[in-house]
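Have a look at query18.cif below; it lists mmCIF, C-alpha atoms and all ligand atoms.
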```cif
data_coords
#
loop_
_atom_site.label_atom_id
_atom_site.label_comp_id
_atom_site.auth_asym_id
_atom_site.auth_seq_id
_atom_site.Cartn_x
_atom_site.Cartn_y
_atom_site.Cartn_z
CA MET Y 1 0.00 0.00 0.00
CA GLY Y 2 1.36 3.47 -0.93
CA VAL Y 3 2.15 6.08 1.69
CA LEU Y 4 -0.62 8.38 0.55
CA SER Y 5 -3.23 5.66 0.53
CA ALA Y 6 -2.05 4.57 3.99
CA ILE Y 7 -2.57 8.03 5.38
CA ALA Y 8 -5.73 8.58 3.35
CA ARG Y 9 -7.30 5.70 5.27
CA THR Y 10 -6.95 7.72 8.45
CA LEU Y 11 -8.53 10.85 7.00
CA ARG Y 12 -12.02 11.93 7.83
CA PRO Y 13 -14.32 12.47 4.88
CA ALA Y 14 -14.77 16.13 3.94
CA PRO Y 15 -17.83 17.41 5.80
CA ALA Y 16 -20.81 17.56 3.48
CA VAL Y 17 -22.65 20.85 3.34
CA ALA Y 18 -25.70 19.14 4.75
CA ALA Y 19 -23.76 18.00 7.80
CA LEU Y 20 -22.64 21.48 8.78
CA THR Y 21 -24.32 23.30 11.60
CA ALA Y 22 -27.07 25.38 10.07
CA GLY Y 23 -25.99 28.96 9.63
CA ALA Y 24 -22.61 28.31 11.18
CA LEU Y 25 -20.52 27.60 8.11
CA ALA Y 26 -21.91 28.14 4.68
CA LEU Y 27 -19.39 26.28 2.52
CA SER Y 28 -19.67 27.40 -1.06
CA ALA Y 29 -18.08 25.80 -4.05
CA CYS Y 30 -15.70 28.27 -5.71
CA GLY Y 31 -17.75 30.47 -7.95
CA GLY Y 32 -18.48 34.02 -8.84
CA SER Y 33 -19.99 36.45 -6.39
CA SER Y 34 -21.56 39.83 -6.44
CA LEU Y 35 -20.25 40.66 -2.94
CA ASP Y 36 -18.25 43.84 -2.64
CA GLN Y 37 -14.65 43.01 -1.73
CA SER Y 38 -14.43 45.75 0.86
CA GLY Y 39 -16.47 43.36 3.02
CA GLY Y 40 -19.97 42.02 2.68
CA GLY Y 41 -20.43 42.56 6.42
CA GLU Y 42 -20.02 46.30 5.89
CA SER Y 43 -23.16 46.33 3.76
CA GLY Y 44 -25.03 44.09 6.18
CA GLY Y 45 -24.47 40.93 4.12
CA PRO Y 46 -22.32 37.94 4.96
CA VAL Y 47 -18.57 38.32 5.13
CA LYS Y 48 -16.88 36.00 2.67
CA ILE Y 49 -13.67 34.24 3.76
CA GLY Y 50 -11.46 32.18 1.46
CA LEU Y 51 -10.03 29.03 3.01
CA LEU Y 52 -6.95 28.02 1.03
CA ILE Y 53 -5.91 24.58 2.27
CA PRO Y 54 -4.38 21.47 0.72
CA LEU Y 55 -7.16 19.07 -0.16
CA SER Y 56 -4.79 16.93 -2.22
CA GLY Y 57 -1.12 15.91 -2.11
CA VAL Y 58 1.35 15.19 0.72
CA TYR Y 59 -0.20 17.78 3.04
CA ALA Y 60 -3.90 16.96 2.56
CA PRO Y 61 -4.32 15.72 6.18
CA LEU Y 62 -3.14 19.12 7.44
CA GLY Y 63 -5.79 20.86 5.35
CA GLN Y 64 -8.54 18.74 6.87
CA ASP Y 65 -7.47 19.78 10.37
CA MET Y 66 -7.37 23.45 9.40
CA ARG Y 67 -10.87 23.24 7.97
CA ASP Y 68 -12.11 21.62 11.18
CA GLY Y 69 -10.40 24.21 13.39
CA PHE Y 70 -11.89 27.10 11.43
CA LYS Y 71 -15.32 25.47 11.45
CA LEU Y 72 -15.22 24.87 15.22
CA TYR Y 73 -14.54 28.56 15.88
CA LEU Y 74 -17.51 29.54 13.71
CA ASP Y 75 -19.77 26.95 15.33
CA GLN Y 76 -18.82 28.29 18.76
CA HIS Y 77 -19.54 31.88 17.68
CA GLY Y 78 -22.92 31.55 16.00
CA GLY Y 79 -21.41 31.31 12.52
CA LYS Y 80 -20.34 34.97 12.73
CA LEU Y 81 -17.11 36.90 12.35
CA GLY Y 82 -17.07 40.51 13.53
CA GLY Y 83 -20.84 40.40 13.93
CA SER Y 84 -21.56 39.36 10.32
CA GLU Y 85 -22.57 35.93 9.12
CA ALA Y 86 -19.49 34.18 7.72
CA GLU Y 87 -19.52 32.44 4.37
CA VAL Y 88 -16.51 30.24 3.68
CA VAL Y 89 -15.25 29.50 0.18
CA GLU Y 90 -12.73 26.66 -0.01
CA ALA Y 91 -9.94 26.26 -2.55
CA ASP Y 92 -7.36 23.51 -2.91
CA GLU Y 93 -3.80 24.68 -2.28
CA GLY Y 94 -2.48 21.35 -3.59
CA GLU Y 95 1.19 20.56 -3.11
CA GLY Y 96 2.82 23.89 -3.90
CA PRO Y 97 2.74 27.28 -5.66
CA GLN Y 98 1.77 25.84 -9.06
CA THR Y 99 -1.65 25.00 -7.66
CA GLY Y 100 -1.79 27.24 -4.58
CA VAL Y 101 -1.11 30.58 -6.27
CA PRO Y 102 -3.87 30.33 -8.94
CA ALA Y 103 -6.29 29.00 -6.32
CA ALA Y 104 -5.63 32.05 -4.11
CA GLN Y 105 -5.92 34.43 -7.04
CA LYS Y 106 -9.30 32.95 -7.86
CA LEU Y 107 -10.49 33.41 -4.26
CA VAL Y 108 -9.58 37.09 -4.37
CA SER Y 109 -10.34 38.08 -7.96
CA GLN Y 110 -13.28 35.87 -8.84
CA ASP Y 111 -14.88 34.86 -5.53
CA ARG Y 112 -14.16 38.34 -4.15
CA THR Y 113 -13.43 37.20 -0.61
CA THR Y 114 -12.80 39.76 2.14
CA ALA Y 115 -9.78 37.85 3.48
CA VAL Y 116 -8.00 34.60 2.75
CA VAL Y 117 -6.96 32.17 5.52
CA GLY Y 118 -4.79 29.07 5.23
CA VAL Y 119 -1.67 28.17 3.19
CA VAL Y 120 0.33 25.19 4.41
CA ASN Y 121 3.38 25.22 2.17
CA SER Y 122 6.18 27.81 2.60
CA ALA Y 123 6.84 27.95 -1.14
CA THR Y 124 3.16 28.78 -1.75
CA ALA Y 125 3.25 31.51 0.90
CA LEU Y 126 6.34 33.06 -0.69
CA GLY Y 127 4.62 32.90 -4.09
CA LEU Y 128 1.55 34.69 -2.71
CA ARG Y 129 3.19 37.50 -0.76
CA ASP Y 130 3.39 40.00 -3.63
CA PHE Y 131 -0.07 39.19 -4.97
CA PHE Y 132 -1.78 39.98 -1.64
CA THR Y 133 0.40 43.03 -1.08
CA GLU Y 134 -0.25 44.49 -4.52
CA SER Y 135 -3.97 43.70 -4.51
CA LYS Y 136 -4.19 45.13 -0.95
CA GLN Y 137 -6.10 42.11 0.36
CA PRO Y 138 -5.41 40.53 3.77
CA LEU Y 139 -3.88 37.05 3.93
CA LEU Y 140 -3.81 35.22 7.28
CA VAL Y 141 -1.21 32.48 6.96
CA ALA Y 142 -2.35 29.68 9.26
CA ASN Y 143 0.56 27.32 8.77
CA ALA Y 144 3.29 28.04 6.19
CA GLY Y 145 6.41 29.07 8.10
CA ALA Y 146 8.54 30.75 5.40
CA ASP Y 147 10.85 32.96 7.48
CA ALA Y 148 10.94 35.92 5.07
CA ILE Y 149 7.17 36.46 5.20
CA THR Y 150 7.53 37.94 8.68
CA ALA Y 151 11.06 39.27 8.26
CA GLY Y 152 12.72 40.73 5.14
CA ARG Y 153 9.55 40.35 3.04
CA LYS Y 154 7.10 41.46 5.72
CA SER Y 155 3.93 42.89 4.20
CA ASP Y 156 1.22 45.18 5.57
CA TYR Y 157 -1.30 42.65 4.21
CA VAL Y 158 0.20 39.36 5.41
CA TRP Y 159 -0.29 38.16 9.00
CA ARG Y 160 0.65 34.78 10.45
CA THR Y 161 -1.13 32.83 13.19
CA SER Y 162 1.31 29.89 13.06
CA PHE Y 163 5.12 30.14 13.31
CA ALA Y 164 8.31 30.99 11.45
CA ASN Y 165 10.23 27.86 10.38
CA GLY Y 166 13.54 28.97 11.84
CA LYS Y 167 11.98 29.65 15.25
CA VAL Y 168 10.51 26.15 15.62
CA GLY Y 169 13.89 24.63 14.77
CA ALA Y 170 15.83 27.07 16.96
CA ALA Y 171 13.63 26.28 19.97
CA LEU Y 172 14.90 22.68 19.95
CA GLY Y 173 18.62 23.35 19.27
CA PRO Y 174 19.89 23.90 22.83
CA ALA Y 175 17.92 20.94 24.24
CA VAL Y 176 19.42 18.54 21.66
CA ALA Y 177 22.91 19.97 22.18
CA LYS Y 178 22.50 19.15 25.88
CA GLU Y 179 21.00 15.67 25.47
CA ALA Y 180 22.79 14.19 22.42
CA LYS Y 181 25.68 11.85 23.20
CA GLY Y 182 27.59 12.77 20.02
CA GLY Y 183 27.12 14.26 16.55
CA VAL Y 184 23.64 14.97 15.18
CA TYR Y 185 22.56 14.25 11.58
CA LEU Y 186 20.21 16.81 9.98
CA ILE Y 187 17.67 15.65 7.40
CA ALA Y 188 14.67 17.41 5.84
CA ALA Y 189 12.38 17.73 2.84
CA ASP Y 190 14.13 19.74 0.15
CA TYR Y 191 12.20 22.99 -0.11
CA ALA Y 192 11.98 26.30 1.76
CA ALA Y 193 10.48 24.88 4.97
CA GLY Y 194 12.96 22.00 5.28
CA ARG Y 195 15.95 24.24 4.63
CA GLU Y 196 14.78 26.88 7.15
CA MET Y 197 13.82 24.38 9.87
CA VAL Y 198 17.34 22.96 9.60
CA ALA Y 199 19.07 26.37 9.43
CA GLY Y 200 17.24 27.64 12.54
CA PHE Y 201 17.99 24.46 14.45
CA ARG Y 202 21.65 24.34 13.34
CA LYS Y 203 22.37 27.90 14.44
CA ALA Y 204 20.94 27.45 17.94
CA PHE Y 205 22.36 23.92 18.28
CA GLU Y 206 25.91 24.87 17.32
CA ALA Y 207 25.76 27.99 19.48
CA ALA Y 208 24.95 25.67 22.40
CA GLY Y 209 27.99 23.49 21.62
CA GLY Y 210 26.32 20.81 19.41
CA LYS Y 211 28.23 19.06 16.60
CA VAL Y 212 26.70 18.22 13.20
CA ALA Y 213 27.49 14.71 11.87
CA GLY Y 214 25.92 15.15 8.41
CA GLU Y 215 23.17 16.96 6.49
CA LYS Y 216 20.83 15.79 3.70
CA TYR Y 217 17.76 17.14 1.88
CA THR Y 218 15.37 14.66 0.26
CA PRO Y 219 13.27 15.48 -2.84
CA PHE Y 220 9.99 17.00 -1.58
CA GLY Y 221 6.79 15.18 -2.49
CA LYS Y 222 8.69 12.47 -4.39
CA THR Y 223 10.54 10.46 -1.75
CA GLN Y 224 8.86 7.29 -0.57
CA ASP Y 225 11.88 5.11 0.12
CA TYR Y 226 14.14 6.56 2.83
CA GLN Y 227 16.45 3.50 3.10
CA PRO Y 228 19.41 5.06 1.21
CA TYR Y 229 19.23 8.09 3.52
CA LEU Y 230 18.89 5.93 6.63
CA SER Y 231 21.99 3.95 5.56
CA ALA Y 232 23.90 7.23 5.24
CA ILE Y 233 22.77 8.25 8.73
CA ARG Y 234 23.96 4.93 10.18
CA SER Y 235 27.37 5.15 8.49
CA SER Y 236 27.83 8.78 9.62
CA GLY Y 237 28.28 7.63 13.23
CA ALA Y 238 25.65 10.15 14.40
CA LYS Y 239 24.22 9.66 17.88
CA ALA Y 240 21.01 11.56 17.13
CA VAL Y 241 18.95 12.77 14.17
CA TYR Y 242 17.04 16.03 13.74
CA ALA Y 243 14.37 15.84 11.01
CA PHE Y 244 11.73 17.99 9.35
CA TYR Y 245 8.94 16.12 7.60
CA ALA Y 246 5.16 16.59 7.75
CA GLY Y 247 2.09 14.81 6.39
CA ALA Y 248 2.61 11.61 4.37
CA GLU Y 249 6.40 12.09 4.29
CA ALA Y 250 6.54 12.12 8.10
CA VAL Y 251 4.65 8.82 8.21
CA SER Y 252 7.10 7.13 5.81
CA PHE Y 253 10.22 8.55 7.44
CA VAL Y 254 9.34 7.58 11.02
CA LYS Y 255 8.02 4.12 10.10
CA GLN Y 256 11.09 3.32 8.00
CA TYR Y 257 13.39 4.72 10.72
CA LYS Y 258 11.94 2.09 13.05
CA GLN Y 259 11.88 -0.72 10.43
CA PHE Y 260 15.54 -0.04 9.61
CA GLY Y 261 16.43 -0.49 13.28
CA LEU Y 262 17.64 3.09 13.77
CA SER Y 263 15.26 3.95 16.59
CA ASP Y 264 17.11 1.45 18.84
CA GLU Y 265 20.48 3.05 18.04
CA ILE Y 266 20.05 6.76 17.28
CA ASP Y 267 17.68 9.15 19.10
CA LEU Y 268 15.17 10.88 16.82
CA TYR Y 269 14.33 14.57 17.23
CA GLY Y 270 12.44 16.93 14.96
CA THR Y 271 10.01 19.78 14.69
CA GLY Y 272 6.58 18.76 15.95
CA PHE Y 273 5.13 18.30 12.46
CA LEU Y 274 7.00 14.98 12.40
CA THR Y 275 4.53 13.41 14.85
CA GLU Y 276 1.38 15.54 14.68
CA GLY Y 277 -2.23 14.39 14.34
CA ASP Y 278 -3.18 11.76 11.76
CA VAL Y 279 0.52 11.33 11.05
CA LEU Y 280 1.10 10.04 14.59
CA LYS Y 281 -1.91 7.75 14.34
CA ALA Y 282 -0.45 6.20 11.17
CA GLN Y 283 3.05 5.90 12.70
CA GLY Y 284 1.75 4.17 15.86
CA GLN Y 285 4.40 2.49 18.04
CA ALA Y 286 7.15 3.39 15.56
CA ALA Y 287 7.06 6.99 16.83
CA VAL Y 288 7.45 6.23 20.55
CA GLY Y 289 10.36 8.16 22.06
CA THR Y 290 10.57 10.78 19.27
CA LYS Y 291 11.15 14.23 20.78
CA THR Y 292 9.96 17.38 19.02
CA SER Y 293 9.52 21.15 19.44
CA LEU Y 294 6.19 22.83 18.76
CA HIS Y 295 3.95 25.63 20.02
CA TYR Y 296 1.08 23.24 20.75
CA SER Y 297 0.18 19.77 21.94
CA ALA Y 298 -3.33 18.46 22.49
CA GLU Y 299 -1.84 17.24 25.81
CA LEU Y 300 -1.28 20.78 27.15
CA ASP Y 301 -2.66 20.74 30.68
CA THR Y 302 -4.48 24.10 30.85
CA PRO Y 303 -8.20 24.78 31.39
CA ARG Y 304 -8.39 26.63 28.03
CA ASN Y 305 -6.87 23.72 26.13
CA LYS Y 306 -8.90 21.07 27.94
CA GLU Y 307 -12.10 22.91 27.08
CA PHE Y 308 -10.97 23.23 23.43
CA VAL Y 309 -9.91 19.57 23.15
CA ALA Y 310 -13.26 18.42 24.58
CA ALA Y 311 -15.22 20.58 22.10
CA TYR Y 312 -13.08 19.49 19.15
CA GLN Y 313 -13.26 15.82 20.14
CA LYS Y 314 -17.05 16.10 20.41
CA ALA Y 315 -17.34 17.75 17.00
CA PHE Y 316 -14.86 15.64 15.02
CA ASN Y 317 -14.34 12.51 17.12
CA GLU Y 318 -10.60 12.95 17.42
CA PRO Y 319 -8.15 15.27 19.17
CA PRO Y 320 -7.14 18.61 17.62
CA THR Y 321 -3.73 19.31 16.11
CA VAL Y 322 -1.51 22.33 15.78
CA TYR Y 323 -3.05 22.84 12.32
CA SER Y 324 -6.57 22.98 13.79
CA VAL Y 325 -5.44 25.49 16.42
CA GLN Y 326 -3.67 27.78 13.93
CA ALA Y 327 -6.84 27.98 11.81
CA TYR Y 328 -9.07 28.34 14.90
CA ASP Y 329 -6.89 31.27 16.00
CA ALA Y 330 -7.00 32.81 12.52
CA ALA Y 331 -10.78 32.86 12.85
CA ALA Y 332 -10.41 34.47 16.30
CA ALA Y 333 -8.08 37.17 14.96
CA LEU Y 334 -10.40 37.85 12.03
CA ASP Y 335 -13.39 38.00 14.36
CA LYS Y 336 -11.75 40.73 16.44
CA ALA Y 337 -10.44 42.66 13.42
CA LEU Y 338 -13.72 42.52 11.48
CA ALA Y 339 -15.55 43.76 14.58
CA LYS Y 340 -13.28 46.83 14.48
CA THR Y 341 -13.83 47.45 10.75
CA LYS Y 342 -17.56 46.61 10.92
CA GLY Y 343 -17.02 44.02 8.20
CA ALA Y 344 -14.81 46.10 5.91
CA GLY Y 345 -11.86 44.36 4.25
CA GLY Y 346 -8.81 45.64 2.34
CA GLN Y 347 -6.49 48.12 4.02
CA LYS Y 348 -8.87 48.77 6.95
CA LEU Y 349 -8.92 45.07 7.83
CA ALA Y 350 -5.15 44.70 7.42
CA GLU Y 351 -4.64 47.63 9.82
CA ALA Y 352 -7.19 46.28 12.29
CA LEU Y 353 -5.29 42.98 12.48
CA GLY Y 354 -2.51 45.00 14.10
CA GLU Y 355 -4.87 46.05 16.88
CA VAL Y 356 -6.44 42.74 17.90
CA GLY Y 357 -4.24 42.32 21.00
CA PRO Y 358 -3.81 38.98 22.77
CA ILE Y 359 -5.50 35.92 21.26
CA ASP Y 360 -6.91 33.61 23.96
CA SER Y 361 -5.72 30.42 22.28
CA PRO Y 362 -5.68 26.74 23.31
CA ARG Y 363 -1.88 26.96 22.80
CA GLY Y 364 -1.70 29.76 25.41
CA SER Y 365 -2.27 33.47 24.94
CA TRP Y 366 -0.25 34.95 22.06
CA THR Y 367 0.00 38.23 20.18
CA PHE Y 368 1.15 39.33 16.72
CA ASP Y 369 4.67 40.77 16.93
CA THR Y 370 5.78 43.81 14.95
CA ALA Y 371 6.63 41.60 11.96
CA HIS Y 372 3.07 40.10 12.04
CA ASP Y 373 4.24 36.72 13.38
CA ALA Y 374 2.77 34.86 16.37
CA GLN Y 375 4.80 35.61 19.49
CA GLN Y 376 4.39 32.47 21.56
CA LYS Y 377 5.89 29.72 23.72
CA TYR Y 378 7.45 26.52 22.36
CA TYR Y 379 7.28 23.15 24.08
CA LEU Y 380 9.47 20.06 24.15
CA ARG Y 381 7.21 17.08 23.44
CA GLU Y 382 7.84 13.33 23.52
CA VAL Y 383 5.74 10.64 21.86
CA ARG Y 384 4.44 8.27 24.53
CA SER Y 385 1.82 5.57 24.57
CA SER Y 386 -1.13 6.53 26.76
CA GLY Y 387 -3.29 3.42 27.20
CA GLY Y 388 -2.34 2.29 23.69
CA THR Y 389 -2.95 5.70 22.08
CA MET Y 390 0.08 7.65 20.92
CA VAL Y 391 0.28 11.19 22.32
CA ASN Y 392 2.73 14.09 22.22
CA ALA Y 393 3.35 14.41 25.97
CA VAL Y 394 4.55 17.85 27.05
CA VAL Y 395 7.98 17.47 28.68
CA SER Y 396 8.89 21.12 29.28
CA GLU Y 397 8.65 24.68 28.03
CA LEU Y 398 11.45 25.62 25.63
CA SER Y 399 11.07 29.39 25.61
C1 LIG Z 1 5.77 24.71 5.42
O1 LIG Z 1 5.90 24.43 4.21
O2 LIG Z 1 6.00 25.84 5.86
C2 LIG Z 1 5.30 23.66 6.37
C3 LIG Z 1 4.55 22.59 5.90
C4 LIG Z 1 4.12 21.62 6.78
C5 LIG Z 1 4.40 21.73 8.13
C6 LIG Z 1 5.13 22.80 8.59
C7 LIG Z 1 5.60 23.77 7.70
#
```
Target format structure tokens, applied to this file:
Amino acid sequence: MGVLSAIARTLRPAPAVAALTAGALALSACGGSSLDQSGGGESGGPVKIGLLIPLSGVYAPLGQDMRDGFKLYLDQHGGKLGGSEAEVVEADEGEGPQTGVPAAQKLVSQDRTTAVVGVVNSATALGLRDFFTESKQPLLVANAGADAITAGRKSDYVWRTSFANGKVGAALGPAVAKEAKGGVYLIAADYAAGREMVAGFRKAFEAAGGKVAGEKYTPFGKTQDYQPYLSAIRSSGAKAVYAFYAGAEAVSFVKQYKQFGLSDEIDLYGTGFLTEGDVLKAQGQAAVGTKTSLHYSAELDTPRNKEFVAAYQKAFNEPPTVYSVQAYDAAAALDKALAKTKGAGGQKLAEALGEVGPIDSPRGSWTFDTAHDAQQKYYLREVRSSGGTMVNAVVSELS
């Protein structure tokens, strides 16, 4: 069975329109609209939000979680954002900019959405930055971590409710430098996110005295057999591995790491995407002991998170993931900003996003920093079996 079909078996079916809470989330197929782009809510009509998520390709499971997170926020808030009824138009980001950029352009130009939320892939986010800036339409990135988006290529119109790749990697560097009993091998998917997750980790790791035993980037979206790379890791003499993979690639990498016998010899670390959500379910026992950094775990022991996990579990019959939370929080930020603009979009909405203040999130309260990135805590997590179910137990706070 192929990797994608293996993970596809764990996916929930896309919610049918009929199954959605009445009035809470009006999912439209992509199509034309007569709504004014400055914001339907401003004229008393519904406010139209584009949800740009991968519905196909390596990252499809992440898109499902984002859809569910966004939907839960709407269900909990009467289907409204900023006081106006919310209408959600979905588009498939696919596996990268070739599909993601035209899909976003259609949401803005044809569907005339007031704001677009989503984007999983860093390369897609980088490809969209100029389009949203030039068309003066707000984009709330709810996953893609491309560093430049909230640094050198910061835009008045682009806000991020997730993370910057380098920061997630950097959070783990000092902990691995302290724990590893020798050199560490770095391995990641070969595209913007993989390169930045490694660069951020490497800088913090080496600054804390860590030694790199080797470094490799595997073709993104094309690699199914990791054995040649696992052989190279073994012959490098590394005592630990730091990896960035997500979605179907994370399932293959972690399962093959175990099958190849490496998990008994070489400790596995990574950014939390390596063991998150449906991916962890598909990895099962093979993931036990993997340690990761992330700004969320469904295991976070706070009243806010427990309440969120219970509501999400009730709605979707499984625990939430970081992807669900990032989209849930994007809805929260939009809700506050649209309340300030009375439903108006464009420049007014982009400016209002800078005034939303703290977001009361299941991950812990966070705020947008001056570069429009989420300023937040990171956690060290370890995969453990809890009564036969794999969980990302929270070990400690990293920053
Ligand atoms: C990214 O491309 O930025 C990304 C994709 C999946 C998980 C984390 C980051």
> Which residues come within 12 Å of region 333-341 of chain Y, counting all atoms listed in the file, excluding same-chain residues fewer than 6 positions away, as JSON, numbers by chain?
Replying inline: {"Y": [38, 39, 40, 41, 42, 43, 46, 47, 48, 49, 70, 73, 74, 76, 77, 78, 79, 80, 81, 82, 83, 84, 85, 86, 114, 115, 116, 117, 138, 139, 140, 141, 142, 159, 160, 161, 326, 327, 347, 348, 349, 350, 351, 352, 353, 354, 355, 356, 357, 358, 359, 360, 361, 366, 367, 368, 372, 374]}
>> Can you work out which residues are within 10 Å of ligand LIG 1 (chain Z), considering all atoms listed in the file, and then hand them over as a PyMOL selection string?
In response: chain Y and resi 58-59+62+95-96+119-126+141-147+162-165+168+189+191-194+196-197+244-247+250+271-274+276+322-323
Can you spit out the residues from that selection as a PDB file, in the coordinates of the input, using C-alpha atoms?
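Now in part-v5.pdb:
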```pdb
ATOM      1  CA  VAL Y  58       1.350  15.190   0.720  1.00  0.00           C
ATOM      2  CA  TYR Y  59      -0.200  17.780   3.040  1.00  0.00           C
ATOM      3  CA  LEU Y  62      -3.140  19.120   7.440  1.00  0.00           C
ATOM      4  CA  GLU Y  95       1.190  20.560  -3.110  1.00  0.00           C
ATOM      5  CA  GLY Y  96       2.820  23.890  -3.900  1.00  0.00           C
ATOM      6  CA  VAL Y 119      -1.670  28.170   3.190  1.00  0.00           C
ATOM      7  CA  VAL Y 120       0.330  25.190   4.410  1.00  0.00           C
ATOM      8  CA  ASN Y 121       3.380  25.220   2.170  1.00  0.00           C
ATOM      9  CA  SER Y 122       6.180  27.810   2.600  1.00  0.00           C
ATOM     10  CA  ALA Y 123       6.840  27.950  -1.140  1.00  0.00           C
ATOM     11  CA  THR Y 124       3.160  28.780  -1.750  1.00  0.00           C
ATOM     12  CA  ALA Y 125       3.250  31.510   0.900  1.00  0.00           C
ATOM     13  CA  LEU Y 126       6.340  33.060  -0.690  1.00  0.00           C
ATOM     14  CA  VAL Y 141      -1.210  32.480   6.960  1.00  0.00           C
ATOM     15  CA  ALA Y 142      -2.350  29.680   9.260  1.00  0.00           C
ATOM     16  CA  ASN Y 143       0.560  27.320   8.770  1.00  0.00           C
ATOM     17  CA  ALA Y 144       3.290  28.040   6.190  1.00  0.00           C
ATOM     18  CA  GLY Y 145       6.410  29.070   8.100  1.00  0.00           C
ATOM     19  CA  ALA Y 146       8.540  30.750   5.400  1.00  0.00           C
ATOM     20  CA  ASP Y 147      10.850  32.960   7.480  1.00  0.00           C
ATOM     21  CA  SER Y 162       1.310  29.890  13.060  1.00  0.00           C
ATOM     22  CA  PHE Y 163       5.120  30.140  13.310  1.00  0.00           C
ATOM     23  CA  ALA Y 164       8.310  30.990  11.450  1.00  0.00           C
ATOM     24  CA  ASN Y 165      10.230  27.860  10.380  1.00  0.00           C
ATOM     25  CA  VAL Y 168      10.510  26.150  15.620  1.00  0.00           C
ATOM     26  CA  ALA Y 189      12.380  17.730   2.840  1.00  0.00           C
ATOM     27  CA  TYR Y 191      12.200  22.990  -0.110  1.00  0.00           C
ATOM     28  CA  ALA Y 192      11.980  26.300   1.760  1.00  0.00           C
ATOM     29  CA  ALA Y 193      10.480  24.880   4.970  1.00  0.00           C
ATOM     30  CA  GLY Y 194      12.960  22.000   5.280  1.00  0.00           C
ATOM     31  CA  GLU Y 196      14.780  26.880   7.150  1.00  0.00           C
ATOM     32  CA  MET Y 197      13.820  24.380   9.870  1.00  0.00           C
ATOM     33  CA  PHE Y 244      11.730  17.990   9.350  1.00  0.00           C
ATOM     34  CA  TYR Y 245       8.940  16.120   7.600  1.00  0.00           C
ATOM     35  CA  ALA Y 246       5.160  16.590   7.750  1.00  0.00           C
ATOM     36  CA  GLY Y 247       2.090  14.810   6.390  1.00  0.00           C
ATOM     37  CA  ALA Y 250       6.540  12.120   8.100  1.00  0.00           C
ATOM     38  CA  THR Y 271      10.010  19.780  14.690  1.00  0.00           C
ATOM     39  CA  GLY Y 272       6.580  18.760  15.950  1.00  0.00           C
ATOM     40  CA  PHE Y 273       5.130  18.300  12.460  1.00  0.00           C
ATOM     41  CA  LEU Y 274       7.000  14.980  12.400  1.00  0.00           C
ATOM     42  CA  GLU Y 276       1.380  15.540  14.680  1.00  0.00           C
ATOM     43  CA  VAL Y 322      -1.510  22.330  15.780  1.00  0.00           C
ATOM     44  CA  TYR Y 323      -3.050  22.840  12.320  1.00  0.00           C
TER      45      TYR Y 323
END
```
>> Show me the residues around (-9.5, 20.0, 5.4) - criterion: an atom at most 7 Å away, only C-alpha atoms counted - as a ChimeraX atom specification.
In response: /Y:14,53,55,60-68
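Checking Y:Lys136, Y:Arg234, Y:His295, Y:Lys222 one by one against Ser252 (chain Y), counting all atoms listed in the file, you find the shortest gap at Y:Lys222.
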> Could you pull the residues within 12 Å of Ile233 (chain Y), counting all atoms listed in the file, minus those fewer than 3 positions along the same chain, as a PyMOL selection string?
Replying inline: chain Y and resi 183-187+212-216+226-230+236-243+257+260-263+265-268
